[in-house]
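A.B. asks: Before anything else, here's the structure in question.
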Amino acid sequence: MTTLLEVKGLYVHYGAVEAVRGIDLTINAGEIVAILGANGAGKSSTLNSIVGLVPPHKGEISFSGGNLFGLPTEIIVRHGITLTPEGRRVFGSLTTEENLLLGSFPLVDPGTYRDQNLQNMYDLFPILAERREQIAGTLSGGQQQMLAIARSLMSSPKLLLLDEPSLGLAPQIVDTIFEQIVDLRNSGITILLVEQNVAMSLQVADRGYIMASGTIVTEGSSDELSSSNIVEQAYLGHE
């Protein structure tokens, strides 16, 4: 397999607090890889550090063989990584289409690809085409999540980071979101997924990492993690 993202010895600090403590992880092209763990384990901090929203304290972050450590977020996005943040964070006063168009700005030549990418998003998420003129803040939670993912895809990423895409959604909508995650992988986009829904994550992921207290406590295939009690230990502290 071709290694797409490699993180070595990553530390992330918030003042004196170490949120991430020396983790290593590798993402290969074409995979869905899940990072699982309880709240406060360091999962979101890891994603935010990879895209430069939270400057890493030390370590190595390489993508397609190039160094990303310390680069600003807009440059990292142009290298081919985007993040769909926890809580969706759509621009509520703008229309659906205006939100999508904002996602194309990191493109080196947005005019060339913007219209095609926009049509691709409407093909992938037909409900967004129906609601293209609707104010984003009035969309349902599931529609806003689709919009957040589609906005991330407008910059033509090779690697999509998804932070808690099922958060606050009804079970039926969660099923739809995870089906779309698989469709994205099948279309050629590699995905690094942070998610509280362990069962659904391990159903769609090829591999996973379990985090606790800022460190990776184990890793393995989805089948290996599903058959182990290490996930329960990480979430509940059971021995």
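Order determines the names: the first chain of the structure tokens is A, the second B, and so forth; residues in each chain are numbered 1 upward, and ligands are numbered 1 upward as they are shown.
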Quick one: residues within 12 Å of stretch 47-53 of chain A, only C-alpha atoms, excluding same-chain residues fewer than 4 positions away - as an MDAnalysis selection string?

C.D. replies: chainID A and resid 5:8 10:14 19:20 23 25 34:35 42:43 57:63 67:86 159:164 191:195

A.B. asks: Return as a ChimeraX atom specification the full set of residues in stretch 11-235 of chain A whose backbone-based DSSP assignment is strand (DSSP E or B).

C.D. replies: /A:11-14,17-28,32-36,58-63,66-67,81-84,95,135,159-163,190-194,207-212,215-221

A.B. asks: In terms of the shortest atom-to-atom distance over only C-alpha atoms, which of A:Leu101, A:Val217, A:Met146, A:Ile177 is closest to A:Asp24?

C.D. replies: A:Val217

A.B. asks: Identify, with DSSP run on backbone atoms, the residues in stretch 60-231 of chain A assigned to alpha helix (DSSP H), and express the list as number ranges by chain.

C.D. replies: A: 73-79, 96-102, 110-124, 126-130, 141-153, 171-186, 198-204, 222-226, 230-231

A.B. asks: List the spatial neighbours of A:Glu97 as a VMD selection string - criterion: any atom at most 9 Å away, only C-alpha atoms, same-chain residues fewer than 5 positions off excluded.

C.D. replies: chain A and resid 102 118 128 to 129 131 to 134 136

A.B. asks: By how many Å are atom CA of A:Leu225 and atom CA of A:Ile210 apart?

C.D. replies: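 Atom CA of A:Leu225 sits 8.8 Å away from atom CA of A:Ile210.
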
A.B. asks: So the first atom is atom CA of A:Ala29 and the second is atom CA of A:Ile189; what is the distance between them in Å, to one decimal place?

C.D. replies: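 Interatomic distance, atom CA of A:Ala29 to atom CA of A:Ile189: 8.0 Å.
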
A.B. asks: In Å, rounded to a single decimal, give me how far atom CA of A:Asn186 is from atom CA of A:Thr95.

C.D. replies: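 Here the two named atoms are 28.8 Å from each other.
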
A.B. asks: For A:Glu179, find every residue with an atom within 9 Å (counting only C-alpha atoms), except residues of its own chain fewer than 5 positions away, and show them as a ChimeraX atom specification.

C.D. replies: /A:174,184,204

A.B. asks: Nearest to A:Gly22 among A:Ser213, A:Ser222, A:Ser227, A:Gln144, with distances taken over only C-alpha atoms: which residue is it?

C.D. replies: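 Among the listed residues, A:Ser213 lies closest to A:Gly22.
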
A.B. asks: Here is a test: counting only C-alpha atoms, which residue of A:Gly66, A:Gly220, A:Pro171, A:Gly87 is nearest to A:Leu202?

C.D. replies: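 Distance minimum relative to A:Leu202 lands on A:Gly220.
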
A.B. asks: May I ask which of the residues A:Asp123, A:Asp223, A:Glu18, A:Glu130 is the closest one to A:Asp206, counting only C-alpha atoms?

C.D. replies: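 Closest candidate: A:Asp223.
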
A.B. asks: Go through A:Gln203, A:Asn99, A:Asn39, A:Thr2 and flag the residue nearest A:Thr26, using only C-alpha atoms for the distances.

C.D. replies: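 Smallest distance to A:Thr26 is found for A:Thr2.
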
A.B. asks: Would you mind telling me which residue in A:Gln196, A:Thr176, A:Asn28, A:Gln119 lies nearest to A:Leu4 when using only C-alpha atoms?

C.D. replies: A:Asn28
